[in-house]
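model-v2.cif, holding mmCIF, C-alpha atoms:
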```
data_work
loop_
_atom_site.label_atom_id
_atom_site.label_comp_id
_atom_site.auth_asym_id
_atom_site.auth_seq_id
_atom_site.Cartn_x
_atom_site.Cartn_y
_atom_site.Cartn_z
CA MET P 173 117.17 147.37 39.63
CA LYS P 174 115.70 146.83 43.10
CA ARG P 175 116.50 144.36 45.82
CA ILE P 176 113.12 143.02 46.89
CA TRP P 177 111.94 140.64 49.58
CA LEU P 178 108.66 139.03 48.52
CA THR P 179 106.76 136.69 50.85
CA GLY P 180 104.08 134.19 49.86
CA ALA P 181 105.93 133.74 46.57
CA SER P 182 105.19 130.06 45.91
CA SER P 183 101.68 130.40 44.43
CA GLY P 184 98.87 132.78 43.53
CA ILE P 185 99.53 136.50 43.30
CA GLY P 186 102.96 136.11 44.90
CA ALA P 187 104.27 133.67 42.30
CA ALA P 188 102.86 135.66 39.37
CA LEU P 189 104.22 138.92 40.78
CA ALA P 190 107.64 137.36 41.41
CA GLU P 191 107.92 136.30 37.79
CA LEU P 192 106.97 139.77 36.53
CA LEU P 193 109.47 141.53 38.80
CA LEU P 194 112.21 139.11 37.78
CA GLN P 195 111.45 139.74 34.11
CA GLN P 196 111.92 143.45 34.85
CA GLY P 197 115.45 142.67 36.05
CA HIS P 198 115.00 143.04 39.81
CA ARG P 199 116.69 140.79 42.35
CA LEU P 200 114.27 138.95 44.60
CA ALA P 201 114.56 137.20 47.93
CA LEU P 202 111.62 134.80 47.86
CA SER P 203 110.01 133.37 50.98
CA ALA P 204 107.29 130.75 51.43
CA ARG P 205 106.98 127.35 53.05
CA ASN P 206 107.04 125.56 49.69
CA GLU P 207 110.76 125.59 48.87
CA GLU P 208 110.31 123.45 45.76
CA ALA P 209 108.12 126.10 44.10
CA LEU P 210 110.67 128.80 44.92
CA GLU P 211 113.49 126.70 43.48
CA ARG P 212 111.61 126.45 40.17
CA LEU P 213 111.71 130.25 39.89
CA ALA P 214 115.37 130.27 40.90
CA LYS P 215 116.20 127.88 38.05
CA CYS P 216 114.56 130.23 35.55
CA PHE P 217 116.33 133.31 36.97
CA PRO P 218 119.48 131.87 38.59
CA LYS P 219 121.37 135.15 39.05
CA GLN P 220 118.42 137.11 40.43
CA VAL P 221 116.77 134.86 42.99
CA LEU P 222 117.65 134.21 46.60
CA VAL P 223 115.54 131.32 47.92
CA LEU P 224 114.75 131.82 51.59
CA ALA P 225 112.03 129.32 52.45
CA GLY P 226 110.65 129.20 55.97
CA ASP P 227 107.71 129.53 58.32
CA LEU P 228 107.07 133.26 58.69
CA THR P 229 104.93 132.70 61.79
CA ASP P 230 108.19 131.76 63.57
CA PRO P 231 110.03 134.99 64.50
CA GLN P 232 113.37 133.19 64.75
CA GLN P 233 113.06 131.86 61.20
CA VAL P 234 112.14 135.36 60.01
CA ALA P 235 115.19 136.82 61.74
CA THR P 236 117.39 134.18 60.08
CA ILE P 237 115.95 135.05 56.66
CA ALA P 238 116.70 138.74 57.23
CA GLU P 239 120.25 137.89 58.31
CA GLN P 240 120.77 135.96 55.07
CA ILE P 241 119.50 138.93 53.04
CA ALA P 242 121.84 141.24 54.96
CA GLN P 243 124.80 138.97 54.29
CA ARG P 244 124.06 138.70 50.55
CA TRP P 245 122.80 142.19 49.71
CA GLY P 246 123.26 144.37 52.79
CA VAL P 247 120.13 146.36 51.96
CA LEU P 248 116.49 146.08 50.84
CA ASP P 249 114.80 148.57 48.51
CA GLN P 250 111.35 147.03 48.70
CA VAL P 251 109.52 144.55 50.91
CA ILE P 252 106.27 143.03 49.66
CA LEU P 253 104.45 141.14 52.40
CA ASN P 254 102.05 138.99 50.46
CA ALA P 255 101.92 135.78 52.52
CA GLY P 256 98.49 135.06 53.92
CA THR P 257 95.74 132.56 54.54
CA CYS P 258 91.96 132.42 54.80
CA GLU P 259 89.60 130.31 56.89
CA TYR P 260 85.87 130.91 57.19
CA LEU P 261 84.11 130.93 60.53
CA ASP P 262 80.91 129.04 61.31
CA SER P 263 79.14 131.18 63.92
CA ARG P 264 77.11 128.14 65.03
CA ALA P 265 80.35 126.53 66.20
CA PHE P 266 82.49 129.56 67.02
CA GLU P 267 86.17 128.61 67.14
CA ALA P 268 88.59 131.09 68.70
CA ALA P 269 91.53 128.92 67.64
CA LEU P 270 90.59 129.54 64.00
CA ILE P 271 90.85 133.29 64.54
CA GLU P 272 94.19 132.81 66.26
CA ARG P 273 95.54 130.78 63.32
CA VAL P 274 94.50 133.36 60.75
CA MET P 275 95.78 136.26 62.85
CA ARG P 276 99.13 134.53 63.31
CA THR P 277 99.63 134.15 59.56
CA ASN P 278 98.10 137.40 58.30
CA LEU P 279 99.09 139.85 61.04
CA LEU P 280 101.78 138.49 63.35
CA ALA P 281 103.92 137.01 60.57
CA ALA P 282 103.77 140.34 58.73
CA SER P 283 104.82 142.09 61.94
CA TYR P 284 107.82 139.78 62.36
CA CYS P 285 108.84 140.52 58.77
CA ILE P 286 108.50 144.27 59.27
CA GLU P 287 110.65 144.15 62.39
CA ALA P 288 113.33 142.20 60.51
CA ALA P 289 113.15 144.26 57.31
CA LEU P 290 113.10 147.84 58.57
CA PRO P 291 116.84 148.02 59.39
CA LEU P 292 117.61 146.91 55.81
CA LEU P 293 115.04 149.26 54.27
CA ARG P 294 116.59 152.18 56.15
CA LEU P 295 119.81 151.60 54.18
CA SER P 296 118.05 152.12 50.82
CA LYS P 297 117.75 155.44 49.00
CA THR P 298 114.17 154.63 48.00
CA PRO P 299 112.73 152.31 50.69
CA HIS P 300 109.25 150.95 50.07
CA LEU P 301 107.13 148.76 52.36
CA VAL P 302 104.18 147.00 50.72
CA GLY P 303 101.50 144.93 52.42
CA VAL P 304 98.76 142.88 50.79
CA ALA P 305 95.50 143.46 52.66
CA SER P 306 92.08 142.82 51.11
CA SER P 307 88.96 144.51 49.80
CA VAL P 308 87.11 142.75 52.63
CA THR P 309 88.34 145.55 54.91
CA PHE P 310 85.88 147.94 53.24
CA LEU P 311 82.75 145.98 54.21
CA ALA P 312 81.99 143.25 56.75
CA LEU P 313 80.98 140.04 54.98
CA PRO P 314 79.43 136.77 56.21
CA ARG P 315 81.82 134.14 57.62
CA ALA P 316 84.80 136.48 57.10
CA GLU P 317 85.22 137.31 60.79
CA ALA P 318 88.74 135.86 61.09
CA TYR P 319 90.06 136.82 57.67
CA GLY P 320 88.47 140.28 57.73
CA ALA P 321 89.68 141.03 61.24
CA SER P 322 93.24 140.02 60.36
CA LYS P 323 93.28 142.14 57.20
CA ALA P 324 91.61 145.11 58.92
CA ALA P 325 94.31 144.92 61.60
CA LEU P 326 96.96 144.79 58.87
CA ARG P 327 95.43 147.86 57.25
CA TYR P 328 95.55 149.82 60.51
CA LEU P 329 99.13 148.68 61.14
CA PHE P 330 100.31 149.86 57.72
CA GLU P 331 98.38 153.13 57.79
CA SER P 332 99.86 153.98 61.18
CA LEU P 333 103.33 152.96 60.01
CA ARG P 334 102.92 155.22 56.98
CA ILE P 335 102.66 158.17 59.36
CA ASP P 336 105.51 157.13 61.64
CA LEU P 337 107.90 156.15 58.83
CA ALA P 338 107.24 159.22 56.67
CA SER P 339 109.99 161.24 58.36
CA GLU P 340 112.48 158.54 57.33
CA GLY P 341 111.37 158.58 53.71
CA ILE P 342 109.96 155.05 53.82
CA ALA P 343 106.92 154.82 51.56
CA VAL P 344 104.10 152.49 52.63
CA THR P 345 101.62 150.95 50.18
CA LEU P 346 98.59 148.78 50.83
CA VAL P 347 97.35 146.37 48.17
CA SER P 348 93.64 145.57 48.44
CA PRO P 349 92.57 142.98 45.88
CA GLY P 350 89.04 141.89 45.22
CA PHE P 351 88.50 138.27 44.21
CA VAL P 352 91.48 136.78 42.35
CA ASP P 353 91.60 133.28 40.91
CA THR P 354 94.23 131.65 43.15
CA PRO P 355 94.54 128.24 44.86
CA LEU P 356 93.19 129.91 48.01
CA THR P 357 90.01 131.32 46.42
CA GLN P 358 89.39 128.20 44.32
CA GLY P 359 88.19 126.54 47.52
CA ASN P 360 85.46 129.16 48.06
CA ASP P 361 81.91 127.83 47.90
CA PHE P 362 80.16 131.11 47.05
CA PRO P 363 79.93 133.46 44.02
CA MET P 364 82.96 135.74 43.51
CA PRO P 365 81.86 138.73 41.41
CA MET P 366 84.40 140.43 39.10
CA ARG P 367 87.02 137.77 39.84
CA TRP P 368 90.32 138.50 38.08
CA PRO P 369 92.81 135.98 36.68
CA VAL P 370 95.97 135.94 38.78
CA ASP P 371 98.18 137.23 35.94
CA LYS P 372 95.93 140.25 35.45
CA ALA P 373 96.10 141.04 39.16
CA ALA P 374 99.90 140.69 39.23
CA HIS P 375 100.31 142.96 36.19
CA HIS P 376 98.02 145.55 37.78
CA ILE P 377 100.11 145.60 40.96
CA ALA P 378 103.50 145.55 39.22
CA ALA P 379 102.55 148.44 36.94
CA ARG P 380 101.85 150.67 39.94
CA LEU P 381 104.59 149.80 42.43
CA ASP P 382 107.13 152.26 41.03
CA LYS P 383 104.80 155.16 41.83
CA ARG P 384 104.72 154.05 45.48
CA PRO P 385 101.01 154.91 45.91
CA TYR P 386 99.21 154.83 49.23
CA GLU P 387 96.95 152.05 47.95
CA ILE P 388 96.46 149.71 45.01
CA ALA P 389 92.83 148.52 45.13
CA PHE P 390 91.09 146.58 42.36
CA PRO P 391 88.90 145.99 40.45
CA THR P 392 87.65 149.57 40.70
CA PRO P 393 83.89 148.90 40.20
CA PHE P 394 83.96 146.20 42.88
CA ILE P 395 85.83 148.42 45.35
CA LEU P 396 83.45 151.32 44.73
CA GLY P 397 80.49 149.00 45.23
CA LEU P 398 81.81 147.82 48.59
CA LYS P 399 82.47 151.39 49.74
CA LEU P 400 78.98 152.49 48.71
CA LEU P 401 77.43 149.59 50.62
CA ALA P 402 79.60 150.43 53.65
CA ALA P 403 78.18 153.97 53.62
CA LEU P 404 74.60 152.72 54.01
CA PRO P 405 72.84 152.85 57.40
CA GLN P 406 73.70 149.93 59.65
CA GLY P 407 70.23 148.39 59.34
CA LEU P 408 70.45 148.25 55.57
CA ARG P 409 73.95 146.80 55.73
CA LEU P 410 72.67 144.10 58.08
CA ALA P 411 69.78 143.26 55.74
CA ILE P 412 72.16 142.96 52.77
CA GLY P 413 74.60 140.91 54.84
CA LYS P 414 71.83 138.48 55.82
CA ARG P 415 70.91 138.02 52.17
CA LEU P 416 74.55 137.37 51.28
CA SER P 417 74.78 134.90 54.12
CA ARG P 418 71.80 132.95 52.81
CA THR P 419 73.28 133.00 49.30
CA GLN P 420 76.53 131.58 50.63
CA ASP P 421 74.69 128.92 52.63
CA SER P 422 72.91 127.79 49.46
CA HIS P 423 76.30 127.17 47.79
CA SER P 424 77.69 125.15 50.71
#
```

What does this structure look like when you write it as structure tokens?
Amino acid sequence: MKRIWLTGASSGIGAALAELLLQQGHRLALSARNEEALERLAKCFPKQVLVLAGDLTDPQQVATIAEQIAQRWGVLDQVILNAGTCEYLDSRAFEAALIERVMRTNLLAASYCIEAALPLLRLSKTPHLVGVASSVTFLALPRAEAYGASKAALRYLFESLRIDLASEGIAVTLVSPGFVDTPLTQGNDFPMPMRWPVDKAAHHIAARLDKRPYEIAFPTPFILGLKLLAALPQGLRLAIGKRLSRTQDSHS
């Protein structure tokens, strides 16, 4: 039985993963802005859930959440930083504020959580830090400037932390999903090849967490395809990107 802090737990992958981990008997501290959704899970698993709603882009709220976890449990065995957002950039009306918003949620909020969680992870015998990045980090895609940059920064942060935390025995795992059918992706106006149902994605992640791998990336054919495209010469990648951009424009 692990004591786990899971962020972004009110919908999508986070909600599905929370339910699976609770069914396995773990205790979960659940964070998201939507407290009502977290309370629904708490009612189903009243002795296992600690509802800690809040705005994770506010470092003071994050610190308060960590203090509450420390008071109740005194330790964390696993932290799964799943909270995130996505906005697409229109290069014809470039908006730096959009990039700032996405970075604040996807990178800075994760950093605040890491700062708050590390002291509690260091008290565990098997500490495990997990961050949900994205397959978009393997290949630049049209309109994904803000989202891709935030997830690429998160990848670098976690891969560097993996090195620096290794001497303390803290395992670091990156989760890199392809397209998953969530409330966030349902607003996309372009084709999403090999899209997985959210329950399938959650089961795939949950089945691998105990092994504490370096990365959980899926679906495999989609990931391999992105990596193969990323290995092409820059000119070919640009030509493919322009075609994708036109395809996306036609679905707008």

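The space between atom CA of P:Ala321 and atom CA of P:Leu404 spans 20.4 Å.
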
Nearest residue to P:Ala402 from the set P:Gly186, P:Lys219, P:Val302, P:Leu311 (distances using all atoms listed in the file):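 Of P:Gly186, P:Lys219, P:Val302, P:Leu311, the one nearest P:Ala402 is P:Leu311, counting all atoms listed in the file.
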
From P:Val344, P:Ala204, P:Ala374, P:Val223, residue lying nearest P:Ala190 [only C-alpha atoms]: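 Closest candidate: P:Ala374.
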
Selected residue, from P:Leu248, P:Ala325, P:Cys216, P:Ala411, that lies nearest to P:Met173 when counting all atoms listed in the file: P:Leu248

Contact residues around P:Gln250 with only C-alpha atoms at 9 Å, ignoring same-chain residues under 6 positions, as a list in words: Lys174, Arg175, Ile176, Trp177, Leu178, Leu293, Ser296, Thr298, Pro299, His300, Leu301 and Val302 of chain P

Nearby residues, (101.6, 151.2, 52.3) file frame, 8 Å, only C-alpha atoms, as a PyMOL selection string: chain P and resi 300-303+330-331+334+343-347+385-387
